[in-house]
file run-v5.cif (mmCIF, C-alpha atoms)
data_input
loop_
_atom_site.label_atom_id
_atom_site.label_comp_id
_atom_site.auth_asym_id
_atom_site.auth_seq_id
_atom_site.Cartn_x
_atom_site.Cartn_y
_atom_site.Cartn_z
CA MET Z 8 91.92 51.87 103.47
CA LEU Z 9 95.01 52.82 105.48
CA TYR Z 10 97.44 55.33 103.96
CA HIS Z 11 100.54 56.44 105.89
CA GLY Z 12 98.79 55.92 109.21
CA ILE Z 13 95.57 57.69 108.26
CA ARG Z 14 92.48 55.54 107.81
CA PHE Z 15 90.19 56.65 105.02
CA THR Z 16 86.56 55.77 105.45
CA ALA Z 17 85.07 58.46 103.25
CA VAL Z 18 83.58 58.12 99.83
CA ILE Z 19 84.14 60.47 96.91
CA PHE Z 20 80.84 62.31 96.57
CA CYS Z 21 79.61 63.68 93.27
CA ILE Z 22 78.59 67.28 93.65
CA LEU Z 23 75.66 67.46 91.31
CA SER Z 24 72.78 68.41 93.59
CA ILE Z 25 71.14 71.80 93.81
CA ALA Z 26 72.76 74.10 96.35
CA LYS Z 27 71.02 74.14 99.73
CA ALA Z 28 71.57 76.03 102.95
CA CYS Z 29 73.41 73.89 105.46
CA GLN Z 30 71.74 72.65 108.61
CA GLN Z 31 73.60 73.20 111.88
CA PRO Z 32 76.13 71.91 112.49
CA CYS Z 33 77.84 71.93 109.12
CA LEU Z 34 81.05 73.11 107.51
CA PHE Z 35 81.76 75.58 104.74
CA VAL Z 36 84.84 74.60 102.74
CA SER Z 37 86.50 76.34 99.79
CA ASN Z 38 88.17 74.30 97.07
CA THR Z 39 89.26 77.40 95.11
CA THR Z 40 86.46 77.26 92.49
CA ASN Z 41 83.53 76.43 94.77
CA ILE Z 42 82.41 76.83 98.34
CA LEU Z 43 80.84 73.65 99.62
CA SER Z 44 78.48 72.91 102.47
CA VAL Z 45 79.71 69.71 104.15
CA ARG Z 46 77.86 67.72 106.79
CA ALA Z 47 79.66 67.65 110.14
CA ASP Z 48 79.71 63.85 110.05
CA LEU Z 49 81.59 64.14 106.71
CA THR Z 50 79.11 61.94 104.86
CA SER Z 51 78.11 64.35 102.09
CA SER Z 52 78.82 67.71 100.50
CA THR Z 53 76.80 70.19 98.47
CA PRO Z 54 78.07 73.10 96.37
CA VAL Z 55 76.75 76.45 97.57
CA LEU Z 56 78.78 78.90 95.46
CA HIS Z 57 80.13 78.05 92.02
CA ASN Z 58 82.56 79.26 89.37
CA LEU Z 59 84.84 81.20 91.71
CA ASN Z 60 88.36 82.12 90.63
CA ARG Z 61 90.45 81.20 93.67
CA ALA Z 62 88.52 81.25 96.93
CA VAL Z 63 90.79 80.73 99.93
CA ALA Z 64 89.75 82.05 103.36
CA VAL Z 65 86.22 81.32 104.64
CA ASP Z 66 84.22 82.33 107.70
CA VAL Z 67 80.57 82.64 108.70
CA HIS Z 68 78.14 84.79 110.66
CA VAL Z 69 75.75 82.25 112.15
CA THR Z 70 73.01 84.60 113.40
CA ARG Z 71 72.87 86.55 110.14
CA ARG Z 72 73.30 83.34 108.11
CA LEU Z 73 76.13 84.71 106.00
CA VAL Z 74 79.26 83.15 104.56
CA PHE Z 75 82.34 85.29 103.77
CA TRP Z 76 85.31 84.41 101.58
CA SER Z 77 88.39 85.91 99.98
CA ASP Z 78 89.27 85.47 96.31
CA VAL Z 79 93.01 85.88 95.89
CA THR Z 80 92.79 86.12 92.10
CA ASP Z 81 90.02 88.73 92.05
CA LYS Z 82 91.67 90.46 95.04
CA ARG Z 83 88.29 90.83 96.73
CA ILE Z 84 86.38 89.81 99.83
CA LYS Z 85 82.80 88.72 99.24
CA ARG Z 86 79.82 87.49 101.18
CA ALA Z 87 76.56 85.66 100.47
CA SER Z 88 73.65 84.08 102.25
CA VAL Z 89 74.43 80.54 103.38
CA ASP Z 90 72.20 79.19 100.59
CA GLY Z 91 74.44 80.89 98.01
CA SER Z 92 72.08 83.74 97.17
CA ASP Z 93 72.61 87.51 97.43
CA VAL Z 94 76.33 87.54 96.60
CA LYS Z 95 77.97 90.89 97.39
CA ILE Z 96 81.48 92.28 97.03
CA ILE Z 97 82.39 93.99 100.29
CA VAL Z 98 86.11 94.78 99.78
CA ASN Z 99 87.41 95.38 96.25
CA TYR Z 100 90.17 97.98 96.36
CA PHE Z 101 93.60 98.33 97.97
CA ILE Z 102 93.66 94.65 98.83
CA GLY Z 103 96.26 92.04 97.94
CA VAL Z 104 96.30 88.34 98.82
CA CYS Z 105 93.95 87.67 101.74
CA ASP Z 106 94.60 84.18 103.12
CA GLY Z 107 92.79 84.62 106.43
CA LEU Z 108 89.61 86.29 107.66
CA ALA Z 109 87.45 86.15 110.78
CA VAL Z 110 83.98 87.43 111.61
CA GLU Z 111 83.49 89.20 114.93
CA TRP Z 112 79.84 88.30 115.31
CA THR Z 113 78.93 90.36 118.38
CA THR Z 114 79.69 93.72 116.71
CA ASP Z 115 79.23 92.75 113.04
CA LEU Z 116 82.87 93.27 112.07
CA ILE Z 117 85.24 91.36 109.83
CA TYR Z 118 89.01 91.12 110.37
CA TRP Z 119 91.41 89.91 107.67
CA SER Z 120 95.09 89.46 106.88
CA ASP Z 121 96.78 90.71 103.71
CA THR Z 122 100.06 89.02 102.84
CA THR Z 123 100.72 91.44 99.97
CA LEU Z 124 100.32 94.64 101.98
CA ASN Z 125 101.52 92.88 105.15
CA ASN Z 126 98.79 94.17 107.37
CA ILE Z 127 95.67 93.21 109.31
CA GLU Z 128 92.51 95.19 108.70
CA VAL Z 129 89.01 95.50 110.12
CA ALA Z 130 85.73 96.76 108.67
CA ARG Z 131 81.99 96.44 109.10
CA ILE Z 132 80.59 93.22 107.63
CA ASP Z 133 79.33 95.28 104.68
CA GLY Z 134 82.89 96.47 104.01
CA THR Z 135 82.40 100.04 105.23
CA ASN Z 136 84.50 101.88 107.82
CA ARG Z 137 87.64 100.00 106.82
CA ARG Z 138 90.66 100.47 109.09
CA THR Z 139 94.24 99.19 109.02
CA LEU Z 140 94.67 97.69 112.46
CA ILE Z 141 98.26 96.39 112.41
CA SER Z 142 100.95 97.08 109.79
CA ASP Z 143 104.32 96.84 111.54
CA ASN Z 144 106.59 93.79 111.69
CA LEU Z 145 104.36 91.51 109.64
CA ASP Z 146 106.01 89.29 107.04
CA GLU Z 147 103.50 86.70 105.77
CA PRO Z 148 100.33 87.05 107.90
CA ARG Z 149 97.82 84.31 107.19
CA GLY Z 150 95.35 82.68 109.61
CA VAL Z 151 93.11 84.97 111.69
CA ALA Z 152 90.78 84.13 114.59
CA VAL Z 153 88.86 86.32 117.03
CA ASP Z 154 87.40 85.83 120.47
CA PRO Z 155 85.00 88.70 121.26
CA LEU Z 156 84.27 87.18 124.65
CA SER Z 157 87.92 87.66 125.66
CA ARG Z 158 88.16 90.60 123.20
CA LEU Z 159 91.26 89.26 121.48
CA ILE Z 160 92.45 88.67 117.94
CA PHE Z 161 95.03 85.98 117.07
CA TRP Z 162 96.94 85.50 113.83
CA THR Z 163 99.69 83.39 112.29
CA ASP Z 164 102.70 84.62 110.33
CA TRP Z 165 104.63 82.08 108.23
CA GLY Z 166 107.39 84.46 107.11
CA LYS Z 167 111.15 84.21 107.72
CA GLU Z 168 110.57 84.18 111.47
CA PRO Z 169 107.31 82.24 111.88
CA LYS Z 170 105.17 83.21 114.84
CA ILE Z 171 101.71 83.35 116.33
CA GLU Z 172 100.60 86.66 117.81
CA ARG Z 173 97.65 88.17 119.58
CA ALA Z 174 96.31 91.63 120.39
CA TYR Z 175 93.21 93.33 121.68
CA LEU Z 176 90.48 93.67 119.06
CA ASN Z 177 91.49 97.32 118.68
CA GLY Z 178 95.04 96.26 117.70
CA GLU Z 179 96.67 97.33 120.95
CA ASN Z 180 98.66 95.30 123.49
CA ARG Z 181 100.19 93.17 120.75
CA ARG Z 182 102.36 90.25 121.83
CA THR Z 183 104.00 87.18 120.33
CA ILE Z 184 102.82 84.02 122.05
CA VAL Z 185 104.50 81.26 119.98
CA SER Z 186 107.77 81.74 118.09
CA SER Z 187 109.82 78.54 118.41
CA SER Z 188 109.71 75.34 116.33
CA LEU Z 189 107.26 76.75 113.80
CA GLY Z 190 107.40 76.22 110.04
CA TRP Z 191 104.34 77.26 108.04
CA PRO Z 192 101.57 77.98 110.55
CA ASN Z 193 98.80 78.20 107.98
CA ASP Z 194 95.66 78.64 110.02
CA ILE Z 195 94.42 79.02 113.55
CA THR Z 196 91.19 78.46 115.47
CA LEU Z 197 90.08 79.02 119.05
CA ASP Z 198 88.25 77.20 121.81
CA HIS Z 199 86.51 80.09 123.58
CA ARG Z 200 85.36 77.80 126.38
CA TYR Z 201 88.81 76.73 127.55
CA TYR Z 202 90.96 79.60 126.19
CA LYS Z 203 92.91 77.34 123.84
CA ILE Z 204 94.32 77.92 120.38
CA TYR Z 205 94.83 75.26 117.71
CA TRP Z 206 96.96 75.70 114.62
CA VAL Z 207 98.10 73.67 111.62
CA ASP Z 208 101.74 73.70 110.48
CA ALA Z 209 102.27 72.53 106.89
CA LEU Z 210 106.08 72.51 107.01
CA ASN Z 211 106.31 70.48 110.20
CA ASP Z 212 103.26 68.36 109.26
CA LYS Z 213 101.64 69.02 112.63
CA ILE Z 214 98.55 70.13 114.45
CA GLU Z 215 99.36 71.79 117.76
CA SER Z 216 97.62 73.58 120.61
CA SER Z 217 98.39 75.89 123.51
CA ASP Z 218 96.56 78.20 125.85
CA TYR Z 219 95.92 81.84 124.95
CA SER Z 220 99.35 82.81 126.30
CA GLY Z 221 101.23 80.19 124.29
CA ASN Z 222 101.81 77.96 127.31
CA HIS Z 223 101.03 74.25 127.71
CA ARG Z 224 101.95 73.63 124.09
CA THR Z 225 100.92 70.19 122.85
CA THR Z 226 101.35 68.28 119.59
CA LEU Z 227 98.00 66.69 118.78
CA PHE Z 228 98.86 65.13 115.43
CA HIS Z 229 101.99 64.58 113.35
CA ASN Z 230 102.24 62.80 110.01
CA PRO Z 231 105.00 63.52 107.46
CA VAL Z 232 102.74 63.10 104.44
CA VAL Z 233 100.05 65.66 105.24
CA HIS Z 234 99.90 69.31 104.19
CA PRO Z 235 97.26 70.95 106.40
CA PHE Z 236 95.93 74.36 105.38
CA GLY Z 237 92.66 75.32 107.10
CA VAL Z 238 91.31 74.38 110.54
CA ASP Z 239 88.23 74.91 112.69
CA LEU Z 240 86.72 73.41 115.83
CA LEU Z 241 83.36 71.94 116.80
CA SER Z 242 83.10 70.72 120.39
CA THR Z 243 85.95 68.19 120.76
CA SER Z 244 86.53 67.70 117.03
CA LEU Z 245 89.00 69.56 114.85
CA PHE Z 246 88.23 69.75 111.13
CA TRP Z 247 91.17 70.46 108.86
CA THR Z 248 91.82 70.61 105.16
CA ASP Z 249 94.68 68.70 103.57
CA TRP Z 250 96.43 69.22 100.22
CA ASN Z 251 98.22 65.86 100.17
CA THR Z 252 96.62 62.67 101.45
CA VAL Z 253 92.90 63.34 101.14
CA ARG Z 254 92.57 66.62 99.27
CA GLY Z 255 89.53 67.05 101.41
CA VAL Z 256 88.69 67.32 105.09
CA HIS Z 257 89.82 65.29 108.12
CA LYS Z 258 88.05 65.13 111.49
CA LEU Z 259 90.39 64.83 114.48
CA ASP Z 260 89.53 64.04 118.12
CA VAL Z 261 91.37 66.68 120.17
CA SER Z 262 91.49 64.46 123.25
CA THR Z 263 93.20 61.51 121.53
CA GLY Z 264 94.71 62.97 118.34
CA ALA Z 265 93.01 60.21 116.33
CA VAL Z 266 91.61 60.91 112.88
CA GLN Z 267 87.95 59.94 113.20
CA SER Z 268 86.77 60.31 109.62
CA ASN Z 269 87.37 62.17 106.39
CA ILE Z 270 85.77 63.18 103.11
CA ILE Z 271 87.43 63.50 99.73
CA LEU Z 272 86.47 66.61 97.79
CA SER Z 273 87.37 67.77 94.31
CA GLY Z 274 89.96 70.48 93.82
CA THR Z 275 92.37 71.80 96.44
CA THR Z 276 90.66 72.34 99.77
CA MET Z 277 91.59 75.62 101.43
CA GLY Z 278 89.65 77.48 104.09
CA ILE Z 279 87.12 75.88 106.41
CA ALA Z 280 84.52 77.29 108.83
CA VAL Z 281 82.13 75.56 111.21
CA PHE Z 282 78.55 76.81 110.98
CA ASP Z 283 77.02 76.26 114.41
CA SER Z 284 75.63 78.60 117.05
CA SER Z 285 77.87 77.04 119.71
CA ARG Z 286 80.87 78.54 117.91
CA GLN Z 287 79.45 82.06 118.13
CA PRO Z 288 77.87 82.49 121.57
CA SER Z 289 76.00 85.68 122.38
CA SER Z 290 77.59 88.43 124.42
CA ILE Z 291 76.25 91.68 125.83
CA HIS Z 292 78.48 94.76 125.71
CA SER Z 293 78.41 98.51 125.17
CA CYS Z 294 79.18 98.39 121.44
CA GLN Z 295 75.74 96.86 120.87
CA GLN Z 296 73.99 99.97 122.18
CA ASN Z 297 74.11 102.74 119.58
CA ASN Z 298 77.52 101.46 118.46
CA GLY Z 299 78.94 102.53 121.84
CA GLY Z 300 78.30 106.13 120.82
CA CYS Z 301 81.02 105.80 118.16
CA SER Z 302 80.45 107.42 114.79
CA HIS Z 303 82.24 104.62 112.89
CA LEU Z 304 83.95 101.66 114.60
CA CYS Z 305 83.44 100.33 118.11
CA LEU Z 306 86.31 97.95 118.93
CA LEU Z 307 86.25 95.82 122.06
CA THR Z 308 89.07 95.62 124.59
CA PRO Z 309 89.32 93.56 127.79
CA ILE Z 310 88.59 96.70 129.81
CA GLY Z 311 85.79 98.07 127.64
CA TYR Z 312 85.91 99.47 124.12
CA ASP Z 313 87.50 102.15 121.97
CA CYS Z 314 85.97 104.23 119.23
CA ALA Z 315 88.11 104.06 116.09
CA CYS Z 316 88.08 105.62 112.65
CA PRO Z 317 88.50 104.36 109.11
CA THR Z 318 92.02 104.75 107.73
CA GLY Z 319 92.52 108.38 106.69
CA TYR Z 320 90.15 109.77 109.31
CA GLY Z 321 91.04 111.11 112.73
CA LEU Z 322 89.25 110.81 116.05
CA GLY Z 323 87.84 114.09 117.32
CA SER Z 324 88.32 115.59 120.75
CA ASP Z 325 85.16 113.89 122.04
CA GLY Z 326 86.83 110.49 121.51
CA ARG Z 327 83.80 109.26 119.57
CA THR Z 328 83.46 111.18 116.31
CA CYS Z 329 85.69 110.76 113.27
CA ASN Z 330 86.82 113.76 111.23
CA THR Z 331 87.60 113.60 107.52
CA CYS Z 332 91.13 114.98 107.95
CA LYS Z 333 93.60 112.84 109.90
#
call {"tool": "encode", "arguments": {"input": "run-v5.cif", "output": "structure tokens"}}
result
Amino acid sequence: MLYHGIRFTAVIFCILSIAKACQQPCLFVSNTTNILSVRADLTSSTPVLHNLNRAVAVDVHVTRRLVFWSDVTDKRIKRASVDGSDVKIIVNYFIGVCDGLAVEWTTDLIYWSDTTLNNIEVARIDGTNRRTLISDNLDEPRGVAVDPLSRLIFWTDWGKEPKIERAYLNGENRRTIVSSSLGWPNDITLDHRYYKIYWVDALNDKIESSDYSGNHRTTLFHNPVVHPFGVDLLSTSLFWTDWNTVRGVHKLDVSTGAVQSNIILSGTTMGIAVFDSSRQPSSIHSCQQNNGGCSHLCLLTPIGYDCACPTGYGLGSDGRTCNTCK
């Protein structure tokens, strides 16, 4: 079937089977009330987590076999094993609407955006050592992506002056890299191999790309009937969720811009994360040895790392130990 230029070859799959851990490569997709494991060829889906209130952002830790998500009704960030077991609340206070989160897999950290508090935060993947990383000049921060190999964090802001920004993983050296011809840049993902960013824009009905500096900007896909929300990458394929035409997931060839396949899912599809070791390559750095000597947070930078403290604590004179009084 062809609908407004998008060919639909998927079948509506009943989600009645018992939850199973996904086999690499696969996708984790939130549809607000469930988190689904979806085959990368988009031929089937399986519910992994059920009866959620309003799950939005999703990411994974491949080595530790964990899936993370935000619930914007509960105002919490949670995690579970990829088979749906061992559900834990990791952030449950002083948090508003979290529409974007990203796992930094080499140091076991999680970064997230908060569009209520207008900030970007970081914590350990168990929710401890929480720190506000960026809080100035944010309007509606949403999508978040990290590259620990380049030691950078990227995020979108769909406020009055839409933009895409980046900074070091410690929050320093912040810069705007895309600020023109943006509408609602909902989500962002990275190609660590070629230093490229991809984002979806729901107001302009586009999927675009650029390099890490915002140069060589390219429109990969444009269709006036789509409403893309989440996006992630696997090799040369972009997977993105759509609120309008499919209410599911599309697979896009980044070299041609052609929609290769799709799957229709129940509910409103939101966040999406690829579960595959190629998306989280290993890296050796000082933070992996005794946490870099830091008492709390070890945050990577392109020239090394910085020790950092949870919000409300201050770094001592040794530059490594956090004191209880800021």
call {"tool": "resolve_selection", "arguments": {"input": "run-v5.cif", "expression": "the PyMOL selection byres ((chain Z and resi 228) around 7)", "output": "PDB file with C-alpha atoms, in the frame of the given file"}}
result
ATOM      1  CA  LYS Z 213     101.640  69.020 112.630  1.00  0.00           C
ATOM      2  CA  ILE Z 214      98.550  70.130 114.450  1.00  0.00           C
ATOM      3  CA  THR Z 226     101.350  68.280 119.590  1.00  0.00           C
ATOM      4  CA  LEU Z 227      98.000  66.690 118.780  1.00  0.00           C
ATOM      5  CA  HIS Z 229     101.990  64.580 113.350  1.00  0.00           C
ATOM      6  CA  ASN Z 230     102.240  62.800 110.010  1.00  0.00           C
ATOM      7  CA  GLY Z 264      94.710  62.970 118.340  1.00  0.00           C
TER       8      GLY Z 264
END
call {"tool": "closest_residue", "arguments": {"input": "run-v5.cif", "among": "Z:Asn136, Z:Ser217, Z:Asn193, Z:Ser157", "to": "Asp115 (chain Z)", "atoms": "all atoms listed in the file"}}
result
Z:Asn136
call {"tool": "closest_atom_pairs", "arguments": {"input": "run-v5.cif", "of": "region 92-166 of chain Z", "to": "region 172-179 of chain Z", "cutoff": "6 Å", "atoms": "all atoms listed in the file", "output": "JSON lines"}}
result
{"residue": "Z:Leu140", "atom": "CA", "partner": "Z:Gly178", "partner_atom": "CA", "distance": 5.4}
{"residue": "Z:Arg158", "atom": "CA", "partner": "Z:Leu176", "partner_atom": "CA", "distance": 5.7}
{"residue": "Z:Leu159", "atom": "CA", "partner": "Z:Tyr175", "partner_atom": "CA", "distance": 4.5}
{"residue": "Z:Ile160", "atom": "CA", "partner": "Z:Ala174", "partner_atom": "CA", "distance": 5.4}
{"residue": "Z:Phe161", "atom": "CA", "partner": "Z:Arg173", "partner_atom": "CA", "distance": 4.2}
{"residue": "Z:Trp162", "atom": "CA", "partner": "Z:Glu172", "partner_atom": "CA", "distance": 5.5}
call {"tool": "resolve_selection", "arguments": {"input": "run-v5.cif", "expression": "the PyMOL selection byres ((chain Z and resi 201) around 12)", "output": "list in words"}}
result
Asp154, Leu156, Ser157, Leu197, Asp198, His199, Arg200, Tyr202, Lys203, Ile204, Tyr205, Ser216, Ser217, Asp218, Tyr219, Ser242 and Thr243 of chain Z
call {"tool": "closest_residue", "arguments": {"input": "run-v5.cif", "among": "Z:Asn251, Z:Gln296, Z:Ser188, Z:Asn58", "to": "Leu43 (chain Z)", "atoms": "only C-alpha atoms"}}
result
Z:Asn58
call {"tool": "residues_near_point", "arguments": {"input": "run-v5.cif", "point": "(85.8, 91.7, 93.4)", "cutoff": "6 Å", "atoms": "only C-alpha atoms", "output": "PyMOL selection string"}}
result
chain Z and resi 81+83+96+99
call {"tool": "resolve_selection", "arguments": {"input": "run-v5.cif", "expression": "the PyMOL selection byres ((chain Z and resi 32) around 12)", "output": "PyMOL selection string"}}
result
chain Z and resi 28-31+33-35+44-49+69+240-242+280-286
call {"tool": "write_last_selection", "arguments": {"input": "run-v5.cif", "atoms": "C-alpha atoms", "output": "mmCIF file, in the coordinates of the input"}}
result
data_model
loop_
_atom_site.group_PDB
_atom_site.id
_atom_site.type_symbol
_atom_site.label_atom_id
_atom_site.label_comp_id
_atom_site.auth_asym_id
_atom_site.auth_seq_id
_atom_site.Cartn_x
_atom_site.Cartn_y
_atom_site.Cartn_z
ATOM 1 C CA ALA Z 28 71.570 76.030 102.950
ATOM 2 C CA CYS Z 29 73.410 73.890 105.460
ATOM 3 C CA GLN Z 30 71.740 72.650 108.610
ATOM 4 C CA GLN Z 31 73.600 73.200 111.880
ATOM 5 C CA CYS Z 33 77.840 71.930 109.120
ATOM 6 C CA LEU Z 34 81.050 73.110 107.510
ATOM 7 C CA PHE Z 35 81.760 75.580 104.740
ATOM 8 C CA SER Z 44 78.480 72.910 102.470
ATOM 9 C CA VAL Z 45 79.710 69.710 104.150
ATOM 10 C CA ARG Z 46 77.860 67.720 106.790
ATOM 11 C CA ALA Z 47 79.660 67.650 110.140
ATOM 12 C CA ASP Z 48 79.710 63.850 110.050
ATOM 13 C CA LEU Z 49 81.590 64.140 106.710
ATOM 14 C CA VAL Z 69 75.750 82.250 112.150
ATOM 15 C CA LEU Z 240 86.720 73.410 115.830
ATOM 16 C CA LEU Z 241 83.360 71.940 116.800
ATOM 17 C CA SER Z 242 83.100 70.720 120.390
ATOM 18 C CA ALA Z 280 84.520 77.290 108.830
ATOM 19 C CA VAL Z 281 82.130 75.560 111.210
ATOM 20 C CA PHE Z 282 78.550 76.810 110.980
ATOM 21 C CA ASP Z 283 77.020 76.260 114.410
ATOM 22 C CA SER Z 284 75.630 78.600 117.050
ATOM 23 C CA SER Z 285 77.870 77.040 119.710
ATOM 24 C CA ARG Z 286 80.870 78.540 117.910
#
call {"tool": "atom_distance", "arguments": {"input": "run-v5.cif", "atom1": "CA of Ile132 (chain Z)", "atom2": "CA of Lys95 (chain Z)"}}
result
10.8 Å
call {"tool": "residues_around", "arguments": {"input": "run-v5.cif", "residues": "region 64-67 of chain Z", "least_positions_apart": "3", "cutoff": "10 Å", "atoms": "all atoms listed in the file", "output": "ChimeraX atom specification"}}
result
/Z:34-37,39,42,61,70-79,84-89,105-112,117,119-120,149-152,194,237,239,277-283,287
call {"tool": "write_last_selection", "arguments": {"input": "run-v5.cif", "atoms": "C-alpha atoms", "output": "PDB file, in the coordinates of the input"}}
result
ATOM      1  CA  LEU Z  34      81.050  73.110 107.510  1.00  0.00           C
ATOM      2  CA  PHE Z  35      81.760  75.580 104.740  1.00  0.00           C
ATOM      3  CA  VAL Z  36      84.840  74.600 102.740  1.00  0.00           C
ATOM      4  CA  SER Z  37      86.500  76.340  99.790  1.00  0.00           C
ATOM      5  CA  THR Z  39      89.260  77.400  95.110  1.00  0.00           C
ATOM      6  CA  ILE Z  42      82.410  76.830  98.340  1.00  0.00           C
ATOM      7  CA  ARG Z  61      90.450  81.200  93.670  1.00  0.00           C
ATOM      8  CA  THR Z  70      73.010  84.600 113.400  1.00  0.00           C
ATOM      9  CA  ARG Z  71      72.870  86.550 110.140  1.00  0.00           C
ATOM     10  CA  ARG Z  72      73.300  83.340 108.110  1.00  0.00           C
ATOM     11  CA  LEU Z  73      76.130  84.710 106.000  1.00  0.00           C
ATOM     12  CA  VAL Z  74      79.260  83.150 104.560  1.00  0.00           C
ATOM     13  CA  PHE Z  75      82.340  85.290 103.770  1.00  0.00           C
ATOM     14  CA  TRP Z  76      85.310  84.410 101.580  1.00  0.00           C
ATOM     15  CA  SER Z  77      88.390  85.910  99.980  1.00  0.00           C
ATOM     16  CA  ASP Z  78      89.270  85.470  96.310  1.00  0.00           C
ATOM     17  CA  VAL Z  79      93.010  85.880  95.890  1.00  0.00           C
ATOM     18  CA  ILE Z  84      86.380  89.810  99.830  1.00  0.00           C
ATOM     19  CA  LYS Z  85      82.800  88.720  99.240  1.00  0.00           C
ATOM     20  CA  ARG Z  86      79.820  87.490 101.180  1.00  0.00           C
ATOM     21  CA  ALA Z  87      76.560  85.660 100.470  1.00  0.00           C
ATOM     22  CA  SER Z  88      73.650  84.080 102.250  1.00  0.00           C
ATOM     23  CA  VAL Z  89      74.430  80.540 103.380  1.00  0.00           C
ATOM     24  CA  CYS Z 105      93.950  87.670 101.740  1.00  0.00           C
ATOM     25  CA  ASP Z 106      94.600  84.180 103.120  1.00  0.00           C
ATOM     26  CA  GLY Z 107      92.790  84.620 106.430  1.00  0.00           C
ATOM     27  CA  LEU Z 108      89.610  86.290 107.660  1.00  0.00           C
ATOM     28  CA  ALA Z 109      87.450  86.150 110.780  1.00  0.00           C
ATOM     29  CA  VAL Z 110      83.980  87.430 111.610  1.00  0.00           C
ATOM     30  CA  GLU Z 111      83.490  89.200 114.930  1.00  0.00           C
ATOM     31  CA  TRP Z 112      79.840  88.300 115.310  1.00  0.00           C
ATOM     32  CA  ILE Z 117      85.240  91.360 109.830  1.00  0.00           C
ATOM     33  CA  TRP Z 119      91.410  89.910 107.670  1.00  0.00           C
ATOM     34  CA  SER Z 120      95.090  89.460 106.880  1.00  0.00           C
ATOM     35  CA  ARG Z 149      97.820  84.310 107.190  1.00  0.00           C
ATOM     36  CA  GLY Z 150      95.350  82.680 109.610  1.00  0.00           C
ATOM     37  CA  VAL Z 151      93.110  84.970 111.690  1.00  0.00           C
ATOM     38  CA  ALA Z 152      90.780  84.130 114.590  1.00  0.00           C
ATOM     39  CA  ASP Z 194      95.660  78.640 110.020  1.00  0.00           C
ATOM     40  CA  GLY Z 237      92.660  75.320 107.100  1.00  0.00           C
ATOM     41  CA  ASP Z 239      88.230  74.910 112.690  1.00  0.00           C
ATOM     42  CA  MET Z 277      91.590  75.620 101.430  1.00  0.00           C
ATOM     43  CA  GLY Z 278      89.650  77.480 104.090  1.00  0.00           C
ATOM     44  CA  ILE Z 279      87.120  75.880 106.410  1.00  0.00           C
ATOM     45  CA  ALA Z 280      84.520  77.290 108.830  1.00  0.00           C
ATOM     46  CA  VAL Z 281      82.130  75.560 111.210  1.00  0.00           C
ATOM     47  CA  PHE Z 282      78.550  76.810 110.980  1.00  0.00           C
ATOM     48  CA  ASP Z 283      77.020  76.260 114.410  1.00  0.00           C
ATOM     49  CA  GLN Z 287      79.450  82.060 118.130  1.00  0.00           C
TER      50      GLN Z 287
END
call {"tool": "atom_distance", "arguments": {"input": "run-v5.cif", "atom1": "CA of Asn269 (chain Z)", "atom2": "CA of Arg254 (chain Z)"}}
result
9.9 Å
call {"tool": "closest_residue", "arguments": {"input": "run-v5.cif", "among": "Z:Asp90, Z:Pro235, Z:Trp191, Z:Asn125", "to": "Gly103 (chain Z)", "atoms": "only C-alpha atoms"}}
result
Z:Asn125
call {"tool": "atom_distance", "arguments": {"input": "run-v5.cif", "atom1": "CA of Asp212 (chain Z)", "atom2": "CA of Val153 (chain Z)"}}
result
24.3 Å
call {"tool": "build_atoms", "arguments": {"input": "run-v5.cif", "residues": "region 113-119 of chain Z", "atoms": "N, CA, C and O atoms", "output": "tab-separated table (two decimals), in the frame of the given file"}}
result
chain	number	residue	atom	x	y	z
Z	113	THR	N	79.68	89.59	117.39
Z	113	THR	CA	78.93	90.36	118.38
Z	113	THR	C	78.83	91.83	118.00
Z	113	THR	O	77.94	92.53	118.50
Z	114	THR	N	79.73	92.32	117.15
Z	114	THR	CA	79.69	93.72	116.71
Z	114	THR	C	79.59	93.86	115.20
Z	114	THR	O	79.73	94.95	114.67
Z	115	ASP	N	79.38	92.74	114.50
Z	115	ASP	CA	79.23	92.75	113.04
Z	115	ASP	C	80.44	93.37	112.34
Z	115	ASP	O	80.31	94.26	111.49
Z	116	LEU	N	81.62	92.84	112.71
Z	116	LEU	CA	82.87	93.27	112.07
Z	116	LEU	C	83.54	92.09	111.40
Z	116	LEU	O	83.30	90.93	111.75
Z	117	ILE	N	84.41	92.38	110.45
Z	117	ILE	CA	85.24	91.36	109.83
Z	117	ILE	C	86.69	91.80	109.89
Z	117	ILE	O	87.02	92.96	109.61
Z	118	TYR	N	87.57	90.89	110.31
Z	118	TYR	CA	89.01	91.12	110.37
Z	118	TYR	C	89.66	90.24	109.30
Z	118	TYR	O	89.23	89.11	109.08
Z	119	TRP	N	90.72	90.74	108.66
Z	119	TRP	CA	91.41	89.91	107.67
Z	119	TRP	C	92.89	90.26	107.59
Z	119	TRP	O	93.32	91.35	107.98
